[in-house]
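*Asks:* Okay, so here is input-v3.txt, and as you'll see once you scroll down, it has compact mmCIF, C-alpha atoms.
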```
# COMPACT_ATOMS: atom_id res chain seq x y z
CA MET A 186 0.00 0.00 0.00
CA ALA A 187 2.13 2.80 -1.27
CA SER A 188 -0.06 5.50 0.13
CA ASN A 189 0.81 4.34 3.63
CA GLN A 190 4.55 4.68 3.22
CA ALA A 191 4.68 8.40 3.96
CA GLU A 192 1.93 8.65 6.55
CA PRO A 193 3.54 9.74 9.87
CA TRP A 194 1.06 7.88 12.08
CA LEU A 195 2.14 4.58 10.52
CA LEU A 196 5.87 5.12 11.03
CA GLU A 197 8.15 3.47 13.56
CA ASN A 198 11.55 5.19 13.95
CA GLY A 199 10.96 6.90 10.62
CA ASN A 200 10.12 3.67 8.78
CA PRO A 201 6.77 2.08 7.90
CA LYS A 202 5.51 -0.41 10.49
CA VAL A 203 5.74 -3.67 8.52
CA LEU A 204 5.08 -7.12 9.92
CA THR A 205 8.13 -9.26 10.57
CA LYS A 206 8.10 -13.04 10.27
CA GLU A 207 7.49 -13.25 14.04
CA HIS A 208 4.51 -10.88 13.85
CA ARG A 209 2.98 -12.66 10.89
CA LYS A 210 2.40 -15.86 12.85
CA LYS A 211 -1.21 -15.12 13.65
CA SER A 212 -3.49 -16.96 15.97
CA ALA A 213 -6.52 -18.77 14.65
CA HIS A 214 -8.79 -15.99 15.91
CA ASN A 215 -6.86 -13.37 13.94
CA ARG A 216 -6.89 -15.44 10.77
CA SER A 217 -10.60 -16.19 11.13
CA SER A 218 -11.62 -12.56 11.61
CA SER A 219 -9.43 -11.41 8.70
CA SER A 220 -11.52 -13.48 6.30
CA LEU A 221 -14.31 -10.89 6.59
CA ARG A 222 -12.13 -7.87 5.96
CA LYS A 223 -11.70 -5.96 2.74
CA LYS A 224 -9.00 -3.64 1.49
CA SER A 225 -9.71 0.07 1.41
CA ASP A 226 -8.85 2.36 -1.49
CA ARG A 227 -7.20 5.47 -0.08
CA THR A 228 -6.74 7.26 -3.39
CA LEU A 229 -9.33 9.92 -2.62
CA VAL A 230 -8.41 10.31 1.06
CA SER A 231 -4.70 10.73 0.28
CA LYS A 232 -5.45 13.91 -1.72
CA ILE A 233 -6.76 15.81 1.32
CA PRO A 234 -4.14 18.45 2.24
CA CYS A 235 -4.92 18.68 5.98
CA ILE A 236 -2.96 15.92 7.68
CA LEU A 237 -5.24 15.66 10.73
CA LEU A 238 -8.36 15.42 8.58
CA ARG A 239 -6.61 12.95 6.26
CA GLN A 240 -5.59 10.82 9.23
CA PHE A 241 -9.10 10.83 10.69
CA LEU A 242 -10.79 9.94 7.40
CA ALA A 243 -8.23 7.22 6.66
CA ASN A 244 -8.83 5.65 10.07
CA LEU A 245 -12.58 6.01 9.64
CA GLN A 246 -12.36 4.27 6.28
CA GLU A 247 -10.29 1.40 7.66
CA VAL A 248 -12.29 0.86 10.86
CA ILE A 249 -15.84 1.41 9.63
CA LEU A 250 -15.67 0.46 5.95
CA GLY A 251 -12.86 -2.10 6.15
CA THR A 252 -15.21 -5.00 6.90
CA LYS A 253 -17.81 -6.86 4.88
CA LEU A 254 -20.18 -6.32 7.81
CA SER A 255 -20.11 -2.53 7.46
CA VAL A 256 -23.69 -2.58 6.14
CA LEU A 257 -24.81 -3.49 9.67
CA PHE A 258 -23.34 -0.39 11.34
CA PRO A 259 -26.53 1.69 10.78
CA ALA A 260 -28.26 -0.61 13.29
CA ILE A 261 -26.22 1.06 16.06
CA PRO A 262 -27.64 4.59 15.73
CA ALA A 263 -31.03 3.05 14.96
CA ALA A 264 -30.97 1.22 18.32
CA ILE A 265 -29.96 4.40 20.14
CA VAL A 266 -32.73 6.40 18.48
CA ALA A 267 -35.29 3.66 19.09
CA ASP A 268 -34.42 3.64 22.79
CA SER A 269 -34.43 7.44 23.05
CA VAL A 270 -37.85 7.93 21.46
CA GLY A 271 -39.43 5.05 23.37
CA PHE A 272 -39.85 2.77 20.37
CA GLY A 273 -40.89 -0.85 20.90
CA ARG A 274 -38.50 -2.57 23.31
CA PRO A 275 -38.26 -5.75 21.19
CA TRP A 276 -37.05 -3.56 18.30
CA VAL A 277 -34.36 -2.06 20.53
CA PHE A 278 -33.29 -5.59 21.46
CA ALA A 279 -33.15 -6.75 17.83
CA LEU A 280 -31.30 -3.65 16.57
CA SER A 281 -28.80 -3.91 19.42
CA LEU A 282 -28.07 -7.54 18.58
CA ILE A 283 -27.51 -6.65 14.93
CA GLY A 284 -25.26 -3.75 15.88
CA LEU A 285 -23.09 -6.02 18.03
CA MET A 286 -22.17 -8.20 15.04
CA PRO A 287 -19.77 -5.80 13.25
CA LEU A 288 -18.49 -4.40 16.55
CA ALA A 289 -17.25 -7.82 17.68
CA GLU A 290 -15.33 -8.25 14.42
CA ARG A 291 -13.87 -4.73 14.63
CA VAL A 292 -12.57 -5.33 18.16
CA SER A 293 -10.64 -8.31 16.82
CA PHE A 294 -9.28 -6.15 13.99
CA LEU A 295 -8.17 -3.38 16.36
CA THR A 296 -6.44 -5.75 18.77
CA GLU A 297 -4.54 -7.17 15.82
CA GLN A 298 -3.51 -3.67 14.71
CA ILE A 299 -2.27 -2.82 18.20
CA ALA A 300 -0.36 -6.13 18.28
CA TYR A 301 1.72 -4.94 15.28
CA PHE A 302 3.29 -2.33 17.55
CA THR A 303 3.36 -4.19 20.88
CA GLY A 304 4.75 -7.50 19.64
CA PRO A 305 3.22 -10.98 19.34
CA THR A 306 3.22 -11.78 23.07
CA VAL A 307 1.34 -8.67 24.20
CA GLY A 308 -0.85 -9.05 21.13
CA GLY A 309 -1.66 -12.59 22.18
CA LEU A 310 -2.61 -11.40 25.64
CA LEU A 311 -4.84 -8.72 24.11
CA ASN A 312 -6.50 -11.30 21.91
CA ALA A 313 -6.99 -13.64 24.87
CA THR A 314 -8.57 -10.83 26.88
CA CYS A 315 -10.71 -9.21 24.17
CA GLY A 316 -11.55 -12.35 22.20
CA ASN A 317 -14.95 -12.65 23.84
CA ALA A 318 -15.41 -9.04 24.94
CA THR A 319 -19.05 -8.97 23.84
CA GLU A 320 -20.08 -11.89 26.04
CA LEU A 321 -18.10 -10.52 28.98
CA ILE A 322 -19.64 -7.04 28.76
CA ILE A 323 -23.17 -8.42 28.42
CA ALA A 324 -22.53 -10.64 31.46
CA ILE A 325 -21.25 -7.72 33.56
CA PHE A 326 -24.30 -5.59 32.74
CA ALA A 327 -26.62 -8.51 33.50
CA LEU A 328 -24.88 -9.00 36.84
CA SER A 329 -25.28 -5.33 37.69
CA GLN A 330 -29.03 -5.76 37.17
CA HIS A 331 -29.05 -9.01 39.22
CA LYS A 332 -30.09 -11.02 36.15
CA ILE A 333 -27.95 -14.02 36.97
CA ALA A 334 -30.06 -16.26 34.74
CA VAL A 335 -29.13 -14.20 31.69
CA VAL A 336 -25.44 -14.43 32.66
CA LYS A 337 -25.52 -18.19 33.03
CA TYR A 338 -27.68 -18.83 30.00
CA SER A 339 -25.68 -16.57 27.67
CA LEU A 340 -22.29 -17.98 28.70
CA LEU A 341 -23.57 -21.54 28.48
CA GLY A 342 -24.96 -20.73 25.03
CA SER A 343 -21.58 -19.38 23.90
CA ILE A 344 -19.87 -22.63 24.85
CA LEU A 345 -22.55 -24.78 23.20
CA SER A 346 -22.59 -22.72 20.01
CA ASN A 347 -18.82 -22.93 19.62
CA LEU A 348 -18.61 -26.67 20.31
CA LEU A 349 -21.66 -27.81 18.36
CA LEU A 350 -22.90 -25.13 15.96
CA VAL A 351 -19.64 -23.56 14.79
CA LEU A 352 -17.53 -26.70 14.85
CA GLY A 353 -20.37 -28.82 13.47
CA THR A 354 -21.12 -26.43 10.61
CA SER A 355 -17.42 -26.11 9.80
CA LEU A 356 -16.77 -29.85 9.73
CA PHE A 357 -19.93 -30.50 7.74
CA CYS A 358 -19.31 -27.79 5.12
CA GLY A 359 -15.60 -28.57 4.96
CA GLY A 360 -16.37 -32.26 4.48
CA ILE A 361 -18.87 -31.58 1.68
CA ALA A 362 -16.48 -29.15 -0.06
CA ASN A 363 -13.56 -31.62 0.22
CA LEU A 364 -15.25 -34.96 -0.37
CA ARG A 365 -12.27 -36.40 -2.26
CA ILE A 366 -9.72 -35.16 0.28
CA GLU A 367 -9.10 -36.58 3.73
CA GLN A 368 -9.22 -33.60 6.05
CA LYS A 369 -6.60 -33.72 8.80
CA TYR A 370 -5.70 -31.46 11.70
CA ASP A 371 -3.22 -31.32 14.57
CA ARG A 372 -4.69 -33.32 17.45
CA ARG A 373 -2.41 -31.74 20.03
CA GLN A 374 -4.26 -28.42 20.13
CA ALA A 375 -7.62 -30.23 20.30
CA ASP A 376 -6.37 -32.42 23.16
CA VAL A 377 -5.24 -29.42 25.20
CA ASN A 378 -8.55 -27.61 24.77
CA SER A 379 -10.52 -30.79 25.51
CA LEU A 380 -8.65 -31.21 28.80
CA MET A 381 -9.40 -27.62 29.76
CA LEU A 382 -13.07 -28.08 28.93
CA LEU A 383 -13.24 -31.27 31.00
CA LEU A 384 -11.76 -29.40 33.97
CA ALA A 385 -14.41 -26.69 33.50
CA LEU A 386 -17.08 -29.40 33.36
CA LEU A 387 -15.86 -30.87 36.64
CA CYS A 388 -16.09 -27.46 38.30
CA HIS A 389 -19.68 -27.11 37.03
CA LEU A 390 -20.69 -30.63 37.99
CA LEU A 391 -19.49 -30.62 41.58
CA PRO A 392 -21.85 -27.88 42.86
CA LEU A 393 -24.78 -29.68 41.22
CA LEU A 394 -23.74 -33.09 42.58
CA PHE A 395 -23.12 -31.61 46.01
CA THR A 396 -26.71 -30.39 46.09
CA PHE A 397 -28.08 -33.88 45.53
CA ALA A 398 -25.50 -35.67 47.67
CA ALA A 399 -26.18 -33.56 50.76
CA GLU A 400 -28.39 -34.72 53.61
CA LYS A 401 -32.07 -34.09 53.09
CA SER A 402 -32.26 -31.61 55.94
CA MET A 403 -29.06 -29.78 54.98
CA ALA A 404 -29.26 -26.34 53.40
CA THR A 405 -26.91 -26.44 50.42
CA ALA A 406 -27.10 -22.88 49.09
CA VAL A 407 -24.21 -21.44 51.15
CA PRO A 408 -21.81 -24.43 50.82
CA THR A 409 -22.52 -24.57 47.07
CA LEU A 410 -21.71 -20.87 46.76
CA HIS A 411 -18.42 -21.32 48.63
CA LEU A 412 -17.52 -24.34 46.50
CA SER A 413 -18.28 -22.39 43.33
CA ARG A 414 -16.07 -19.50 44.36
CA ALA A 415 -13.21 -21.82 45.23
CA SER A 416 -13.65 -23.63 41.91
CA SER A 417 -13.64 -20.29 40.08
CA VAL A 418 -10.28 -19.39 41.61
CA VAL A 419 -8.90 -22.78 40.53
CA MET A 420 -10.24 -22.25 36.99
CA MET A 421 -8.63 -18.81 36.77
CA ILE A 422 -5.30 -20.28 37.86
CA ALA A 423 -5.65 -23.04 35.25
CA TYR A 424 -6.48 -20.47 32.57
CA ALA A 425 -3.40 -18.43 33.49
CA ALA A 426 -1.31 -21.59 33.05
CA TYR A 427 -3.09 -22.17 29.72
CA ILE A 428 -2.10 -18.66 28.55
CA VAL A 429 1.54 -19.32 29.49
CA PHE A 430 1.35 -22.65 27.66
CA GLN A 431 -0.23 -21.00 24.61
CA LEU A 432 1.94 -17.89 24.32
CA TRP A 433 5.32 -19.03 25.61
CA THR A 434 6.18 -22.68 26.29
CA HIS A 435 4.17 -24.40 23.51
CA ARG A 436 3.30 -21.53 21.24
CA GLU A 437 3.81 -23.52 18.05
CA LEU A 438 0.72 -25.64 18.81
CA PHE A 439 -1.59 -22.64 18.57
CA GLU A 440 -0.11 -20.68 15.68
CA ALA A 441 -2.08 -20.85 12.45
CA GLN A 442 0.03 -22.54 9.83
CA GLU A 443 0.52 -20.46 6.69
CA SER A 444 0.64 -21.88 3.20
CA GLU A 445 3.01 -20.50 0.57
CA ASP A 446 0.24 -18.33 -0.90
CA ASP A 447 -0.55 -16.91 2.52
CA ASP A 448 3.13 -16.19 3.10
CA ASP A 449 3.44 -14.25 -0.15
CA VAL A 450 0.52 -12.06 0.80
CA ALA A 451 1.81 -11.62 4.33
CA GLU A 452 5.20 -10.38 3.09
CA GLU A 453 3.51 -7.10 2.11
CA GLU A 454 1.26 -6.88 5.16
CA GLU A 455 1.61 -3.85 7.39
CA ALA A 456 -0.36 -1.89 9.95
CA VAL A 457 -3.12 0.25 8.44
CA ILE A 458 -3.66 2.48 11.49
CA GLY A 459 -1.30 3.74 14.17
CA PHE A 460 -0.98 2.49 17.73
CA TRP A 461 -2.73 5.36 19.47
CA SER A 462 -5.40 5.55 16.80
CA GLY A 463 -6.07 1.85 17.26
CA PHE A 464 -6.16 2.25 21.04
CA VAL A 465 -8.65 5.14 20.86
CA TRP A 466 -10.86 3.28 18.40
CA LEU A 467 -10.71 0.16 20.60
CA VAL A 468 -11.84 2.14 23.64
CA GLY A 469 -14.61 3.76 21.61
CA MET A 470 -15.80 0.44 20.18
CA THR A 471 -15.81 -1.09 23.66
CA GLY A 472 -17.93 1.80 24.89
CA VAL A 473 -20.47 1.28 22.11
CA ILE A 474 -20.55 -2.47 22.86
CA ALA A 475 -21.24 -1.61 26.50
CA LEU A 476 -24.13 0.67 25.49
CA LEU A 477 -25.71 -1.93 23.21
CA SER A 478 -25.15 -4.63 25.83
CA GLU A 479 -27.07 -2.53 28.32
CA TYR A 480 -29.92 -2.29 25.80
CA VAL A 481 -29.85 -6.06 25.26
CA VAL A 482 -29.95 -6.87 28.96
CA GLY A 483 -32.64 -4.28 29.66
CA THR A 484 -35.00 -5.39 26.89
CA ILE A 485 -34.58 -9.18 26.85
CA GLU A 486 -37.71 -9.84 28.92
CA GLU A 487 -39.85 -7.62 26.68
CA ALA A 488 -38.46 -9.37 23.60
CA SER A 489 -39.22 -12.73 25.20
CA ASP A 490 -42.83 -11.76 25.90
CA SER A 491 -43.35 -10.16 22.48
CA TRP A 492 -41.83 -12.99 20.44
CA GLY A 493 -43.23 -15.82 22.54
CA LEU A 494 -39.76 -17.23 23.21
CA SER A 495 -38.39 -18.14 26.61
CA VAL A 496 -35.54 -16.11 28.06
CA SER A 497 -33.49 -19.30 28.20
CA PHE A 498 -33.87 -19.87 24.44
CA ILE A 499 -33.01 -16.26 23.56
CA SER A 500 -29.99 -16.25 25.88
CA ILE A 501 -28.64 -19.68 24.98
CA ILE A 502 -29.38 -19.71 21.24
CA LEU A 503 -29.88 -16.20 19.82
CA LEU A 504 -27.35 -14.14 21.82
CA PRO A 505 -24.29 -16.35 21.09
CA ILE A 506 -25.15 -16.82 17.41
CA VAL A 507 -25.53 -13.10 16.73
CA GLY A 508 -22.74 -11.94 19.02
CA ASN A 509 -20.11 -14.17 17.38
CA ALA A 510 -21.48 -14.32 13.84
CA ALA A 511 -18.37 -12.77 12.27
CA GLU A 512 -15.94 -15.11 14.01
CA HIS A 513 -18.16 -18.11 13.29
CA ALA A 514 -18.40 -17.25 9.60
CA GLY A 515 -14.62 -17.03 9.41
CA ALA A 516 -14.26 -20.49 10.94
CA VAL A 517 -16.61 -21.97 8.34
CA ILE A 518 -14.77 -20.21 5.50
CA PHE A 519 -11.44 -21.73 6.54
CA ALA A 520 -13.06 -25.17 6.81
CA PHE A 521 -14.10 -24.78 3.17
CA LYS A 522 -10.42 -24.12 2.39
CA ASN A 523 -9.40 -27.31 4.24
CA LYS A 524 -7.66 -25.34 7.00
CA LEU A 525 -9.17 -27.13 9.96
CA ASP A 526 -6.44 -26.11 12.41
CA ILE A 527 -7.68 -22.52 12.16
CA THR A 528 -11.30 -23.65 12.50
CA LEU A 529 -10.51 -25.71 15.60
CA GLY A 530 -8.51 -22.84 17.04
CA VAL A 531 -11.53 -20.55 16.74
CA ALA A 532 -14.22 -22.93 17.98
CA LEU A 533 -12.32 -24.71 20.75
CA GLY A 534 -10.35 -21.61 21.71
CA SER A 535 -13.49 -19.52 22.21
CA ALA A 536 -15.24 -22.30 24.14
CA THR A 537 -12.21 -22.72 26.41
CA GLN A 538 -11.95 -18.99 27.03
CA ILE A 539 -15.62 -18.72 27.97
CA ALA A 540 -15.59 -21.81 30.20
CA MET A 541 -12.25 -21.23 31.93
CA PHE A 542 -12.04 -17.44 32.06
CA VAL A 543 -15.31 -15.59 31.49
CA VAL A 544 -17.52 -17.83 33.67
CA PRO A 545 -15.23 -17.89 36.75
CA PHE A 546 -14.45 -14.21 36.24
CA CYS A 547 -18.18 -13.43 36.43
CA VAL A 548 -18.48 -15.49 39.64
CA ILE A 549 -15.61 -13.54 41.20
CA VAL A 550 -16.99 -10.18 40.01
CA ALA A 551 -20.40 -11.10 41.44
CA TRP A 552 -18.65 -12.01 44.71
CA ILE A 553 -17.04 -8.55 44.79
CA MET A 554 -20.40 -6.92 44.01
CA GLY A 555 -22.06 -8.84 46.85
CA ILE A 556 -24.16 -10.97 44.46
CA ASP A 557 -24.53 -14.70 45.07
CA MET A 558 -23.70 -16.35 41.76
CA ASP A 559 -22.60 -19.98 41.82
CA LEU A 560 -21.58 -22.56 39.22
CA ASN A 561 -24.73 -24.64 39.65
CA PHE A 562 -26.35 -24.26 36.22
CA SER A 563 -29.07 -26.78 37.19
CA LEU A 564 -29.50 -30.28 35.81
CA LEU A 565 -30.70 -29.56 32.25
CA GLU A 566 -28.06 -26.94 31.49
CA THR A 567 -25.17 -28.86 33.07
CA GLY A 568 -26.25 -32.08 31.35
CA SER A 569 -26.30 -30.32 27.98
CA LEU A 570 -22.82 -28.92 28.64
CA ALA A 571 -21.44 -32.31 29.67
CA LEU A 572 -22.79 -34.17 26.66
CA SER A 573 -21.61 -31.42 24.30
CA ILE A 574 -18.05 -31.53 25.64
CA LEU A 575 -17.95 -35.34 25.50
CA ALA A 576 -19.40 -35.43 21.98
CA THR A 577 -16.81 -32.91 20.81
CA ALA A 578 -13.94 -34.76 22.48
CA PHE A 579 -14.96 -38.06 20.83
CA THR A 580 -15.36 -36.32 17.46
CA LEU A 581 -11.82 -34.93 17.51
CA GLN A 582 -9.97 -37.94 18.93
CA ASP A 583 -8.52 -39.37 15.68
CA GLY A 584 -7.15 -36.25 13.95
CA THR A 585 -9.30 -36.61 10.83
CA SER A 586 -12.65 -35.20 9.80
CA HIS A 587 -15.54 -35.84 7.43
CA TYR A 588 -18.98 -34.37 6.92
CA LEU A 589 -20.77 -36.96 9.08
CA LYS A 590 -18.95 -35.78 12.20
CA GLY A 591 -20.07 -32.24 11.53
CA LEU A 592 -23.64 -33.36 10.88
CA ILE A 593 -23.81 -35.21 14.21
CA LEU A 594 -22.60 -32.15 16.11
CA LEU A 595 -25.13 -29.98 14.29
CA LEU A 596 -27.96 -32.38 15.13
CA CYS A 597 -26.88 -32.34 18.78
CA TYR A 598 -27.13 -28.54 18.75
CA ILE A 599 -30.55 -28.63 17.10
CA ILE A 600 -32.02 -31.02 19.67
CA ILE A 601 -30.56 -28.99 22.55
CA GLY A 602 -32.00 -25.85 20.98
CA ALA A 603 -35.38 -27.55 20.67
CA CYS A 604 -35.18 -28.48 24.34
CA PHE A 605 -34.71 -24.88 25.42
CA PHE A 606 -37.29 -23.71 22.89
CA VAL A 607 -40.00 -25.66 24.69
CA SER A 608 -38.59 -24.73 28.08
CA ASN A 609 -40.55 -22.10 29.99
CA ALA A 610 -37.91 -21.43 32.64
CA THR A 611 -38.21 -18.00 34.19
CA LEU A 612 -35.51 -15.69 35.48
CA ASN A 613 -36.31 -16.58 39.09
CA ALA A 614 -36.89 -20.32 38.73
CA PRO A 615 -36.03 -22.16 41.94
CA ASN A 616 -33.24 -24.70 42.08
CA THR A 617 -35.45 -27.74 42.41
CA VAL A 618 -35.27 -30.88 40.35
CA ASN A 619 -37.53 -33.81 41.04
CA LEU A 620 -35.17 -36.80 41.23
CA GLY A 621 -36.67 -38.31 44.35
CA LEU A 622 -34.37 -36.15 46.48
CA LYS A 623 -35.26 -33.14 48.54
CA THR A 624 -32.91 -30.27 47.67
CA SER A 625 -32.39 -26.74 48.74
CA THR A 626 -35.08 -24.29 47.75
CA GLY A 627 -32.56 -21.51 47.33
CA SER A 628 -32.54 -19.80 43.97
CA VAL A 629 -29.88 -20.70 41.46
CA PHE A 630 -30.57 -17.85 39.13
CA GLY A 631 -31.80 -15.23 41.54
CA ALA A 632 -29.54 -12.90 43.42
```
In structure tokens, write the structure found in this file.

*Replies:*
Amino acid sequence: MASNQAEPWLLENGNPKVLTKEHRKKSAHNRSSSSLRKKSDRTLVSKIPCILLRQFLANLQEVILGTKLSVLFPAIPAAIVADSVGFGRPWVFALSLIGLMPLAERVSFLTEQIAYFTGPTVGGLLNATCGNATELIIAIFALSQHKIAVVKYSLLGSILSNLLLVLGTSLFCGGIANLRIEQKYDRRQADVNSLMLLLALLCHLLPLLFTFAAEKSMATAVPTLHLSRASSVVMMIAYAAYIVFQLWTHRELFEAQESEDDDDVAEEEEAVIGFWSGFVWLVGMTGVIALLSEYVVGTIEEASDSWGLSVSFISIILLPIVGNAAEHAGAVIFAFKNKLDITLGVALGSATQIAMFVVPFCVIVAWIMGIDMDLNFSLLETGSLALSILATAFTLQDGTSHYLKGLILLLCYIIIGACFFVSNATLNAPNTVNLGLKTSTGSVFGA
């Protein structure tokens, strides 16, 4: 991009900021998100004489118009206007969901741009922190409004959608598109993520099992809460070790492998916006995500009543699909190209991050806020999580893939979705399950 060579905000020590071989080893998340980006033509912008105006318009062009999802950006002001004028609350909910789609992709783009200047390690930490920023922000706003059910349902839905919907669609489409080719992938990355997910499952199962194993006359709400908080601390420690494993000691397992064609393109790749510009845009995008997340949390009950859908179905199925649509689409695209290592990195990486970081982080934040949130997701939700993790682990055990594996995962997701579609669980449903045992009547989802 010749027009970038002379721009002062893209210079480092007087030279253009170009990616080195070390920088060009992108993670699967970076490669997946880049599949939805498009190059911008700066011919017209470069003719503007005022350097500040030229810089602003160039950044605006890259950040707003540099994605194939730019057509969805008008939903953001539409949601703000709809909320301001008192338009129908379900419309505010729908417009906010649509507006979150391009924002999630742009956050990934901006963290990648910042990583060009900070180095691959700091960039990896940024990606690990901001990779699921949308889910985390929605969860924090739901916690602040004591809507613990929405927090649990939405995070559970993110894990299920990554393991079954995204991975299933990718394996199915990749298998159909490569019928005459045996699709292979590196099992080592899948094994690591599967172990992390099994640890997360154990931490979710124990509070539920403790409830049913306790004496009939024993109140289990307080011990379950303490066990959940202790488990959350353990999960955070395990995730910290996972980050060290991923970014330092065994980094080669998680780097997306580049073909010769990819390498030729990457030789000319360079930052398109400066460090401080990227940082300011990242803060601004995060602020807009926070605003739309507040709209989503505040209008979910009205949308549920208007559409005739349970809050559990909207939180578990709709929120994760829309919030991660860009990343999911990228995973499917790379499966079509027979690059399953990138697909697995996106699907399993996101599921691991939600299960091992976002969920325990929300429990700890709720603890700090004085809100009683535990890891007991009740029998139906925990059972769905357990079977999804086991089905995924069995699917990925041999290092090869075909369309039938993807189809089975997709069918698992459909039947789980149907289960929550017919479910009429409310936000304050008590933690009681009729298994012939008398359990605590304390609320799982209430504050």

*Asks:* Could you give me, as CSV, every region 525-616 of chain A residue with an atom at most 7 Å from region 411-433 of chain A, plus its closest atom pair and distance in Å to one decimal, counting all atoms listed in the file, rows ordered by chain then number?

*Replies:*
```
residue,atom,partner,partner_atom,distance
A:Met541,CA,A:Met420,CA,5.5
A:Phe542,CA,A:Met421,CA,6.0
A:Pro545,CA,A:Ser417,CA,4.4
A:Val548,CA,A:Arg414,CA,6.6
A:Ile549,CA,A:Arg414,CA,6.8
A:Asp559,CA,A:Ser413,CA,5.2
A:Leu560,CA,A:Ser413,CA,5.3
```

*Asks:* Of the candidates A:Arg436, A:Lys524, A:Lys369, A:Arg291, which shows the shortest atom-to-atom distance to Glu247 (chain A), using only C-alpha atoms?

*Replies:* A:Arg291

*Asks:* Which neighbours of Asp371 (chain A) fall inside 7 Å, counting only C-alpha atoms, when residues of the same chain fewer than 3 positions from it are skipped, and could you give them as a PDB file with C-alpha atoms, in the frame of the given file?

*Replies:*
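That gives us around-v6.pdb:
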```
ATOM      1  CA  GLN A 374      -4.260 -28.420  20.130  1.00  0.00           C
ATOM      2  CA  ASP A 526      -6.440 -26.110  12.410  1.00  0.00           C
ATOM      3  CA  GLY A 584      -7.150 -36.250  13.950  1.00  0.00           C
TER       4      GLY A 584
END
```

*Asks:* Using only C-alpha atoms, determine which residues lie at most 8 Å from Gly591 (chain A), disregarding the query and same-chain residues fewer than 4 positions distant; provide the list as a PyMOL selection string.

*Replies:* chain A and resi 352-358+360+587+595

*Asks:* Need the shell around Ser281 (chain A): protein/DNA/RNA residues with any atom at most 12 Å away, counting only C-alpha atoms. Skip same-chain ones fewer than 6 positions apart. Format as a ChimeraX atom specification?

*Replies:* /A:257-268,274-275,287-288,319,323,473-485,488,504,507-508

*Asks:* Find the residues with any atom within 12 Å of (-14.2, -25.7, 1.3); use all atoms listed in the file and the coordinates as given in the file, and write the answer as a PDB file with C-alpha atoms, keeping the file's coordinate frame.

*Replies:*
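Everything below was put into result-v3.pdb:
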```
ATOM      1  CA  THR A 354     -21.120 -26.430  10.610  1.00  0.00           C
ATOM      2  CA  SER A 355     -17.420 -26.110   9.800  1.00  0.00           C
ATOM      3  CA  LEU A 356     -16.770 -29.850   9.730  1.00  0.00           C
ATOM      4  CA  PHE A 357     -19.930 -30.500   7.740  1.00  0.00           C
ATOM      5  CA  CYS A 358     -19.310 -27.790   5.120  1.00  0.00           C
ATOM      6  CA  GLY A 359     -15.600 -28.570   4.960  1.00  0.00           C
ATOM      7  CA  GLY A 360     -16.370 -32.260   4.480  1.00  0.00           C
ATOM      8  CA  ILE A 361     -18.870 -31.580   1.680  1.00  0.00           C
ATOM      9  CA  ALA A 362     -16.480 -29.150  -0.060  1.00  0.00           C
ATOM     10  CA  ASN A 363     -13.560 -31.620   0.220  1.00  0.00           C
ATOM     11  CA  LEU A 364     -15.250 -34.960  -0.370  1.00  0.00           C
ATOM     12  CA  ARG A 365     -12.270 -36.400  -2.260  1.00  0.00           C
ATOM     13  CA  ILE A 366      -9.720 -35.160   0.280  1.00  0.00           C
ATOM     14  CA  GLN A 368      -9.220 -33.600   6.050  1.00  0.00           C
ATOM     15  CA  GLY A 515     -14.620 -17.030   9.410  1.00  0.00           C
ATOM     16  CA  ALA A 516     -14.260 -20.490  10.940  1.00  0.00           C
ATOM     17  CA  VAL A 517     -16.610 -21.970   8.340  1.00  0.00           C
ATOM     18  CA  ILE A 518     -14.770 -20.210   5.500  1.00  0.00           C
ATOM     19  CA  PHE A 519     -11.440 -21.730   6.540  1.00  0.00           C
ATOM     20  CA  ALA A 520     -13.060 -25.170   6.810  1.00  0.00           C
ATOM     21  CA  PHE A 521     -14.100 -24.780   3.170  1.00  0.00           C
ATOM     22  CA  LYS A 522     -10.420 -24.120   2.390  1.00  0.00           C
ATOM     23  CA  ASN A 523      -9.400 -27.310   4.240  1.00  0.00           C
ATOM     24  CA  LYS A 524      -7.660 -25.340   7.000  1.00  0.00           C
ATOM     25  CA  LEU A 525      -9.170 -27.130   9.960  1.00  0.00           C
ATOM     26  CA  THR A 528     -11.300 -23.650  12.500  1.00  0.00           C
ATOM     27  CA  HIS A 587     -15.540 -35.840   7.430  1.00  0.00           C
ATOM     28  CA  TYR A 588     -18.980 -34.370   6.920  1.00  0.00           C
TER      29      TYR A 588
END
```

*Asks:* Could you check which of A:Ile574, A:Leu348, A:Leu494, A:Met558 is closest to Thr409 (chain A), using only C-alpha atoms?

*Replies:*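 Closest residue, counting only C-alpha atoms: A:Met558.
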
*Asks:* Please compute the CA of Asn561 (chain A)-CA of Pro392 (chain A) distance, one decimal, in Å.

*Replies:* 5.4 Å

*Asks:* Choose the residue, out of A:Leu394, A:Leu572, A:Ile593, A:Ile556, that has the smallest atom-to-atom separation from His331 (chain A); count all atoms listed in the file.

*Replies:*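 Among A:Leu394, A:Leu572, A:Ile593, A:Ile556, it is A:Ile556 that comes nearest to His331 (chain A).
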